[in-house]
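Pasted below: work.cif, mmCIF, C-alpha atoms.
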data_target
#
loop_
_atom_site.label_atom_id
_atom_site.label_comp_id
_atom_site.auth_asym_id
_atom_site.auth_seq_id
_atom_site.Cartn_x
_atom_site.Cartn_y
_atom_site.Cartn_z
CA MET O 10 -18.22 -45.09 18.87
CA SER O 11 -20.82 -42.52 19.77
CA ARG O 12 -21.43 -38.91 18.84
CA GLN O 13 -20.80 -36.01 21.19
CA ARG O 14 -24.01 -35.16 23.09
CA SER O 15 -25.60 -31.82 22.33
CA LEU O 16 -25.64 -29.11 24.97
CA GLU O 17 -29.42 -29.46 25.20
CA VAL O 18 -29.09 -33.15 26.07
CA ILE O 19 -26.23 -32.56 28.52
CA GLN O 20 -28.20 -29.87 30.33
CA GLN O 21 -30.97 -32.38 31.01
CA ALA O 22 -28.77 -35.37 31.82
CA GLU O 23 -28.53 -36.82 35.31
CA TYR O 24 -24.93 -37.87 34.77
CA VAL O 25 -22.22 -36.19 32.73
CA THR O 26 -18.62 -36.93 31.80
CA ILE O 27 -15.70 -34.73 32.82
CA GLY O 28 -15.56 -33.37 29.26
CA GLU O 29 -19.20 -32.40 29.48
CA LEU O 30 -18.53 -30.71 32.83
CA VAL O 31 -15.82 -28.67 31.07
CA ARG O 32 -18.45 -27.57 28.53
CA LEU O 33 -21.04 -26.77 31.20
CA THR O 34 -18.80 -24.84 33.58
CA GLY O 35 -15.97 -23.48 31.44
CA VAL O 36 -13.49 -24.81 34.02
CA ARG O 37 -10.30 -26.36 32.64
CA TYR O 38 -10.00 -30.14 32.40
CA SER O 39 -6.81 -30.17 34.47
CA THR O 40 -8.57 -28.24 37.24
CA LEU O 41 -11.56 -30.59 37.31
CA LYS O 42 -9.24 -33.58 37.28
CA PHE O 43 -7.33 -32.09 40.20
CA TYR O 44 -10.55 -31.47 42.15
CA THR O 45 -11.57 -35.06 41.41
CA GLU O 46 -8.26 -36.47 42.59
CA GLU O 47 -8.41 -34.33 45.73
CA GLY O 48 -11.83 -35.79 46.51
CA LEU O 49 -13.57 -32.44 46.11
CA LEU O 50 -15.69 -33.58 43.20
CA PRO O 51 -17.51 -36.86 43.87
CA PHE O 52 -18.01 -39.24 40.96
CA GLU O 53 -19.34 -42.69 40.25
CA GLN O 54 -17.86 -45.32 38.03
CA ALA O 55 -19.96 -47.17 35.54
CA GLU O 56 -19.73 -49.64 32.71
CA GLU O 57 -17.07 -52.23 32.09
CA ASN O 58 -14.26 -49.73 31.66
CA LEU O 59 -15.18 -47.90 34.88
CA THR O 60 -15.72 -44.57 33.16
CA ARG O 61 -16.06 -41.75 35.65
CA ARG O 62 -19.41 -40.02 35.60
CA TYR O 63 -20.57 -37.09 37.66
CA ARG O 64 -24.01 -36.10 38.91
CA ARG O 65 -24.60 -32.97 36.85
CA GLN O 66 -26.48 -30.72 39.26
CA GLU O 67 -24.46 -31.58 42.36
CA SER O 68 -21.16 -31.26 40.50
CA ILE O 69 -21.96 -27.86 39.01
CA GLN O 70 -23.02 -26.65 42.43
CA ARG O 71 -19.86 -28.03 44.00
CA ILE O 72 -17.63 -26.43 41.36
CA GLN O 73 -19.31 -23.08 42.00
CA GLU O 74 -18.77 -23.48 45.75
CA ILE O 75 -15.08 -24.20 45.18
CA ARG O 76 -14.77 -21.20 42.83
CA ASP O 77 -16.42 -18.92 45.38
CA LEU O 78 -14.13 -20.13 48.15
CA ARG O 79 -11.07 -19.72 45.91
CA ALA O 80 -12.24 -16.19 45.05
CA ALA O 81 -12.54 -15.52 48.79
CA GLY O 82 -8.87 -16.42 49.14
CA ARG O 83 -9.19 -19.93 50.57
CA SER O 84 -6.51 -22.48 49.73
CA VAL O 85 -7.36 -25.90 48.33
CA PRO O 86 -6.52 -27.71 51.62
CA GLU O 87 -8.76 -25.25 53.47
CA ILE O 88 -11.57 -25.80 50.98
CA LYS O 89 -11.12 -29.54 51.30
CA ALA O 90 -11.39 -29.32 55.08
CA LEU O 91 -14.42 -27.03 54.87
CA LEU O 92 -16.29 -29.22 52.42
CA CYS O 93 -15.44 -32.43 54.27
CA SER O 94 -16.60 -30.97 57.58
CA ALA O 95 -19.81 -29.94 55.85
CA GLY O 96 -20.26 -33.60 54.96
CA GLY O 97 -19.79 -33.20 51.24
CA GLY O 98 -16.24 -34.47 50.83
CA SER O 99 -15.48 -37.94 49.69
CA MET S 24 -20.82 -22.79 25.49
CA ASN S 25 -22.50 -23.52 22.19
CA ASP S 26 -22.84 -26.69 20.16
CA LEU S 27 -20.18 -26.15 17.54
CA SER S 28 -19.73 -28.30 14.47
CA LEU S 29 -16.41 -29.96 13.70
CA VAL S 30 -15.44 -27.40 11.06
CA GLN S 31 -16.33 -24.49 13.37
CA GLN S 32 -14.19 -25.93 16.14
CA TYR S 33 -11.34 -26.58 13.71
CA LEU S 34 -11.44 -23.01 12.37
CA LEU S 35 -11.20 -21.56 15.88
CA CYS S 36 -8.11 -23.66 16.58
CA ALA S 37 -6.44 -23.33 13.17
CA VAL S 38 -6.42 -19.59 12.57
CA SER S 39 -3.43 -17.45 13.51
CA ASP S 40 -3.50 -15.03 16.44
CA GLY S 41 -4.81 -12.44 14.02
CA GLY S 42 -7.61 -14.77 12.92
CA LYS S 43 -6.17 -15.62 9.53
CA LEU S 44 -5.71 -18.84 7.60
CA THR S 45 -3.10 -18.19 4.96
CA SER S 46 -1.61 -20.24 2.15
CA LEU S 47 1.64 -20.31 4.12
CA HIS S 48 -0.10 -23.11 6.00
CA SER S 49 -1.59 -25.01 3.07
CA GLU S 50 -2.10 -28.16 5.15
CA ARG S 51 -4.31 -26.16 7.53
CA MET S 52 -6.41 -24.97 4.60
CA ILE S 53 -6.76 -28.51 3.25
CA CYS S 54 -7.74 -29.76 6.71
CA PHE S 55 -10.35 -27.00 6.83
CA LEU S 56 -11.90 -28.49 3.69
CA ALA S 57 -11.57 -32.00 5.10
CA GLY S 58 -13.31 -30.66 8.22
CA GLY S 59 -16.17 -29.40 6.08
CA LEU S 60 -16.57 -32.78 4.43
CA LEU S 61 -16.39 -34.66 7.72
CA THR S 62 -18.92 -32.27 9.26
CA LEU S 63 -21.35 -33.09 6.46
CA GLU S 64 -20.66 -36.79 6.91
CA LEU S 65 -21.12 -36.67 10.69
CA ALA S 66 -24.41 -34.81 10.16
CA GLY S 67 -25.57 -37.67 7.96
CA CYS S 68 -26.24 -35.58 4.87
CA VAL S 69 -23.22 -36.83 2.94
CA ALA S 70 -21.88 -40.36 2.83
CA ALA S 71 -18.56 -41.76 1.68
CA GLU S 72 -18.78 -44.53 -0.89
CA GLY S 73 -16.18 -46.84 -2.32
CA LYS S 74 -12.99 -45.33 -3.77
CA LYS S 75 -13.33 -42.36 -1.44
CA LYS S 76 -16.23 -40.88 -3.34
CA VAL S 77 -18.82 -38.84 -1.51
CA SER S 78 -22.46 -38.24 -2.33
CA ALA S 79 -25.38 -36.42 -0.75
CA THR S 80 -27.78 -38.66 1.15
CA ALA S 81 -30.06 -36.18 2.94
CA PRO S 82 -30.93 -32.48 2.90
CA LEU S 83 -28.44 -30.09 4.47
CA PRO S 84 -29.45 -29.37 8.08
CA GLU S 85 -30.40 -25.74 8.69
CA GLY S 86 -27.64 -25.34 11.26
CA LEU S 87 -25.00 -26.13 8.65
CA ALA S 88 -26.07 -23.50 6.12
CA TYR S 89 -22.50 -22.17 6.05
CA LEU S 90 -21.45 -25.38 4.27
CA ARG S 91 -24.04 -24.87 1.52
CA PRO S 92 -21.46 -24.24 -1.28
CA MET S 93 -19.69 -27.52 -0.52
CA TYR S 94 -22.93 -29.47 -0.11
CA ASP S 95 -24.36 -28.06 -3.37
CA PHE S 96 -21.20 -29.02 -5.24
CA ILE S 97 -21.51 -32.61 -3.98
CA VAL S 98 -25.20 -32.72 -4.94
CA LYS S 99 -24.44 -31.35 -8.41
CA LYS S 100 -21.55 -33.67 -9.17
CA GLY S 101 -23.18 -36.80 -7.80
CA PRO S 102 -20.75 -39.32 -6.36
CA VAL S 103 -17.54 -37.31 -6.52
CA ALA S 104 -14.03 -38.00 -5.24
CA ALA S 105 -13.19 -36.13 -2.02
CA GLU S 106 -10.06 -34.81 -3.76
CA LYS S 107 -12.24 -33.23 -6.46
CA VAL S 108 -14.28 -31.46 -3.79
CA ALA S 109 -11.10 -30.16 -2.17
CA GLU S 110 -9.69 -29.17 -5.56
CA GLU S 111 -12.86 -27.20 -6.34
CA PHE S 112 -12.43 -25.10 -3.21
CA TYR S 113 -8.67 -24.95 -2.98
CA SER S 114 -6.52 -23.57 -5.70
CA GLY S 115 -3.83 -21.67 -3.90
CA MET S 116 -3.63 -18.08 -2.79
CA THR S 117 -6.57 -16.51 -4.60
CA SER S 118 -9.27 -19.14 -4.36
CA LYS S 119 -12.56 -17.27 -4.26
CA LYS S 120 -14.50 -20.43 -3.46
CA PHE S 121 -12.26 -21.19 -0.51
CA ASP S 122 -12.66 -17.61 0.71
CA GLN S 123 -16.46 -17.87 0.42
CA LEU S 124 -16.57 -21.06 2.43
CA PHE S 125 -14.08 -19.81 5.01
CA ASN S 126 -15.96 -16.52 5.38
CA ALA S 127 -19.28 -18.35 5.79
CA VAL S 128 -17.96 -20.58 8.59
CA GLY S 129 -16.21 -17.61 10.18
CA GLU S 130 -19.37 -15.50 10.06
CA SER S 131 -21.30 -18.28 11.78
CA LEU S 132 -18.78 -18.06 14.64
CA ALA S 133 -18.97 -14.26 14.68
CA ALA S 134 -22.77 -14.51 14.92
CA LEU S 135 -22.34 -16.65 18.04
CA GLY S 136 -19.98 -14.06 19.52
CA LEU S 137 -17.05 -16.48 19.35
CA ALA S 138 -14.98 -14.64 16.75
CA GLU S 139 -14.39 -11.09 15.65
CA ALA S 140 -14.59 -10.54 11.90
CA ALA S 141 -12.30 -8.11 10.10
CA GLY S 142 -11.51 -7.25 6.51
CA PRO S 143 -11.22 -8.16 3.75
CA GLY S 144 -11.04 -4.65 2.30
CA LEU S 145 -12.28 -3.14 -0.92
CA LEU S 146 -11.02 -5.88 -3.20
CA GLY S 147 -12.84 -8.61 -1.33
CA GLY S 148 -11.25 -11.92 -0.47
CA ARG S 149 -10.71 -13.79 2.73
CA LYS S 150 -11.70 -12.17 5.98
CA SER S 151 -10.01 -12.76 9.30
CA PHE S 152 -11.86 -14.21 12.26
CA LYS S 153 -10.08 -13.64 15.52
CA PRO S 154 -11.37 -15.98 18.25
CA VAL S 155 -12.91 -14.07 21.14
CA GLY S 156 -12.48 -14.65 24.87
CA LYS S 157 -12.29 -18.28 25.89
CA ALA S 158 -13.69 -19.72 22.65
CA VAL S 159 -10.53 -21.66 21.78
CA ASP S 160 -9.94 -22.64 25.39
CA GLN S 161 -13.38 -24.23 25.61
CA VAL S 162 -12.83 -26.28 22.46
CA VAL S 163 -9.34 -27.40 23.46
CA GLU S 164 -10.21 -28.18 27.08
CA THR S 165 -13.22 -30.26 26.06
CA LEU S 166 -11.04 -32.12 23.58
CA ARG S 167 -8.33 -32.60 26.19
CA ALA S 168 -10.86 -34.02 28.64
CA GLU S 169 -12.14 -36.48 26.06
CA LEU S 170 -8.81 -37.59 24.68
CA LEU S 171 -6.79 -37.84 27.86
CA GLU S 172 -9.44 -39.34 30.10
CA ASP S 173 -9.73 -43.11 30.38
CA ALA S 174 -13.13 -43.14 28.74
CA PRO S 175 -14.59 -43.84 25.33
CA ILE S 176 -13.81 -41.15 22.75
CA THR S 177 -16.61 -39.68 20.65
CA GLU S 178 -16.43 -39.53 16.86
CA ASP S 179 -16.41 -35.73 17.03
CA ALA S 180 -13.37 -35.60 19.33
CA ALA S 181 -11.47 -38.17 17.27
CA ALA S 182 -12.17 -36.23 14.06
CA LEU S 183 -11.03 -32.93 15.56
CA ALA S 184 -7.85 -34.52 16.89
CA VAL S 185 -7.06 -35.99 13.46
CA LEU S 186 -7.61 -32.61 11.76
CA LEU S 187 -5.51 -30.70 14.29
CA ASP S 188 -2.73 -33.27 13.99
CA GLN S 189 -2.71 -33.34 10.19
CA GLY S 190 -3.13 -29.57 10.00
CA GLY S 191 -0.06 -29.11 12.19
CA CYS S 192 -1.97 -27.15 14.84
CA ILE S 193 -1.90 -29.73 17.62
CA LYS S 194 1.46 -28.62 18.99
CA ALA S 195 0.03 -25.20 19.79
CA TYR S 196 -2.37 -26.71 22.31
CA PHE S 197 -0.93 -30.01 23.54
CA SER S 198 2.43 -30.80 25.09
CA PRO S 199 4.73 -33.29 23.32
CA TYR S 200 3.78 -35.85 25.97
CA GLU S 201 0.06 -35.26 25.40
CA GLN S 202 0.51 -35.38 21.62
CA LYS S 203 2.23 -38.76 21.92
CA SER S 204 -0.52 -40.05 24.14
CA ILE S 205 -3.24 -38.76 21.78
CA ARG S 206 -1.59 -40.34 18.71
CA GLU S 207 -1.21 -43.66 20.52
CA LYS S 208 -4.85 -43.54 21.61
CA LEU S 209 -6.11 -42.75 18.10
CA LYS S 210 -3.92 -45.46 16.62
CA ALA S 211 -5.16 -48.02 19.11
CA LEU S 212 -8.72 -46.91 18.49
CA SER S 213 -8.31 -47.18 14.73
CA LYS S 214 -7.25 -50.82 15.17
CA SER S 215 -10.18 -51.68 17.41
CA GLU S 216 -13.48 -53.17 16.29
CA THR S 217 -15.39 -49.95 16.97
CA GLY S 218 -12.72 -47.66 15.58
CA LYS S 219 -13.22 -48.25 11.85
CA LEU S 220 -14.52 -44.71 11.47
CA VAL S 221 -11.37 -43.26 13.09
CA GLU S 222 -9.19 -45.33 10.79
CA ASP S 223 -11.18 -44.11 7.78
CA MET S 224 -10.96 -40.50 8.94
CA MET S 225 -7.19 -40.76 9.51
CA TYR S 226 -6.58 -42.21 6.04
CA PHE S 227 -9.03 -39.78 4.45
CA VAL S 228 -7.38 -36.66 5.89
CA GLU S 229 -3.82 -37.98 5.36
CA ASP S 230 -4.62 -38.83 1.73
CA LEU S 231 -6.28 -35.52 1.09
CA VAL S 232 -3.34 -33.56 2.52
CA SER S 233 -0.82 -35.56 0.42
CA VAL S 234 -2.81 -35.39 -2.82
CA MET S 235 -3.54 -31.70 -2.49
CA ALA S 236 0.06 -30.90 -1.55
CA ALA S 237 1.20 -32.75 -4.68
CA LEU S 238 -1.33 -30.91 -6.83
CA THR S 239 -0.20 -27.58 -5.40
CA VAL S 240 3.42 -28.35 -6.35
CA LEU S 241 2.36 -29.50 -9.84
CA ASN S 242 0.36 -26.32 -10.34
CA GLY S 243 3.37 -24.29 -9.25
CA MET S 244 1.56 -22.58 -6.38
#

Would it be possible to restate this file's structure as structure tokens?
Amino acid sequence: MSRQRSLEVIQQAEYVTIGELVRLTGVRYSTLKFYTEEGLLPFEQAEENLTRRYRRQESIQRIQEIRDLRAAGRSVPEIKALLCSAGGGS
Amino acid sequence: MNDLSLVQQYLLCAVSDGGKLTSLHSERMICFLAGGLLTLELAGCVAAEGKKKVSATAPLPEGLAYLRPMYDFIVKKGPVAAEKVAEEFYSGMTSKKFDQLFNAVGESLAALGLAEAAGPGLLGGRKSFKPVGKAVDQVVETLRAELLEDAPITEDAAALAVLLDQGGCIKAYFSPYEQKSIREKLKALSKSETGKLVEDMMYFVEDLVSVMAALTVLNGM
């Protein structure tokens, strides 16, 4: 078993876990999981147990985009369509 | 979001809405002490030896200055049973040493802007530390992400889950379904090759809660 990574380490990391994304963005786990399942938040799978890992910078940027669009009154399906048409959806 | 120690995270989750930790919830107080001990152990400055004795192995890190009273007691007493440490800081409703330790951890959270301190009034005693804003949410959501995701669990998350479970606070944050899933995951982990530490932590906290509860009854408190 490993220790939890410090915020300093996470902020420099190329890849982060969903728990670390919660710490970095303050967005709820259930919300991030939903975005992931909807294909709005791209991830990669690594290691034997296929742990999901996210590119830190791109993911934070994407989460902010989604938040901004939600704040502008867009629905999740609309956001999905917008992001996919922009070439960022998975 | 700050890097919070195990005992800081536990305090945020264990206090009442008003920021108090009262003797009505003795198991929460005992888990607070267990959290202090585990924090020292995770930081590598205290190690558990045979027969559940603990001893200091390295200087106290600067960032854990709020645990100085507990660390100093362990240094002074040499290898000492974890129950003795808990007994030193927990003796019912008017434990000054418990109040000192609780206030020190609480003040460290207040300094980070994560809790609002109040009290204790002219006679001194235990202050209250009401969590501010999304402080609790951040701790719980990070824990939820670690425990419910199909990914390896860190020692820190496992320890916090054990403390919240034994302290009886877990139901405030996790649904019955999630609680079941968390307990199953911790149990499976404790039986695995890499989960020896989780097994030790589970037994340690369970034992401490039972022993201290028995002592409290014997002392008529």

* Run the PyMOL selection byres ((chain S) within 6 of (chain O)) against the file shown and list the residues it catches, as a VMD selection string. => chain S and resid 164 to 165 168 to 169 174 177 to 178 217

Which residues come within 10 Å of O:Leu49, counting all atoms listed in the file, excluding same-chain residues fewer than 4 positions away, as an mmCIF file with C-alpha atoms, keeping the file's coordinate frame?
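The file below, result_17.cif, is the result:
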data_model
loop_
_atom_site.group_PDB
_atom_site.id
_atom_site.type_symbol
_atom_site.label_atom_id
_atom_site.label_comp_id
_atom_site.auth_asym_id
_atom_site.auth_seq_id
_atom_site.Cartn_x
_atom_site.Cartn_y
_atom_site.Cartn_z
ATOM 1 C CA LEU O 41 -11.560 -30.590 37.310
ATOM 2 C CA LYS O 42 -9.240 -33.580 37.280
ATOM 3 C CA PHE O 43 -7.330 -32.090 40.200
ATOM 4 C CA TYR O 44 -10.550 -31.470 42.150
ATOM 5 C CA THR O 45 -11.570 -35.060 41.410
ATOM 6 C CA SER O 68 -21.160 -31.260 40.500
ATOM 7 C CA ARG O 71 -19.860 -28.030 44.000
ATOM 8 C CA ILE O 72 -17.630 -26.430 41.360
ATOM 9 C CA ILE O 75 -15.080 -24.200 45.180
ATOM 10 C CA VAL O 85 -7.360 -25.900 48.330
ATOM 11 C CA ILE O 88 -11.570 -25.800 50.980
ATOM 12 C CA LYS O 89 -11.120 -29.540 51.300
ATOM 13 C CA ALA O 90 -11.390 -29.320 55.080
ATOM 14 C CA LEU O 92 -16.290 -29.220 52.420
ATOM 15 C CA CYS O 93 -15.440 -32.430 54.270
ATOM 16 C CA GLY O 97 -19.790 -33.200 51.240
ATOM 17 C CA GLY O 98 -16.240 -34.470 50.830
ATOM 18 C CA SER O 99 -15.480 -37.940 49.690
#

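For the structure shown here, the set of residues caught by the PyMOL selection byres ((chain S and resi 80) around 9) is Gly67, Cys68, Val69, Ala70, Ser78, Ala79, Ala81, Pro82 and Val98 of chain S.
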
* Output of the PyMOL selection byres ((chain S and resi 55) around 10), listed as a list in words ->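 In the shown coordinates, the PyMOL selection byres ((chain S and resi 55) around 10) covers Leu29, Val30, Gln31, Tyr33, Leu34, Ala37, Leu44, Ser49, Glu50, Arg51, Met52, Ile53, Cys54, Leu56, Ala57, Gly58, Gly59, Leu60, Leu61, Ala109, Phe121, Leu124, Phe125, Leu186, Leu187 and Gly190 of chain S.
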
* Contact residues around O:Gln66 with only C-alpha atoms at 12 Å, ignoring same-chain residues under 3 positions, as a PyMOL selection string -> chain O and resi 19-25+30+33-34+50-51+63+69-73

* Structure fact -> note - atom CA of S:Ala104 and atom CA of S:Leu65 are separated by 17.5 Å

* To do: Between atom CA of S:Pro154 and atom CA of S:Lys120, measure the distance and give it in Å to one decimal.
  =>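 If I compute the distance from atom CA of S:Pro154 to atom CA of S:Lys120, I get 22.4 Å.
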
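The interatomic distance for the pair atom CA of S:Gly101 and atom CA of S:Met235 works out to 21.0 Å.
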
* **Long-range neighbours of S:Ala66 as number ranges by chain, 9 Å cut-off, all atoms listed in the file, 5 positions minimum in chain** => S: 61, 83-84, 87
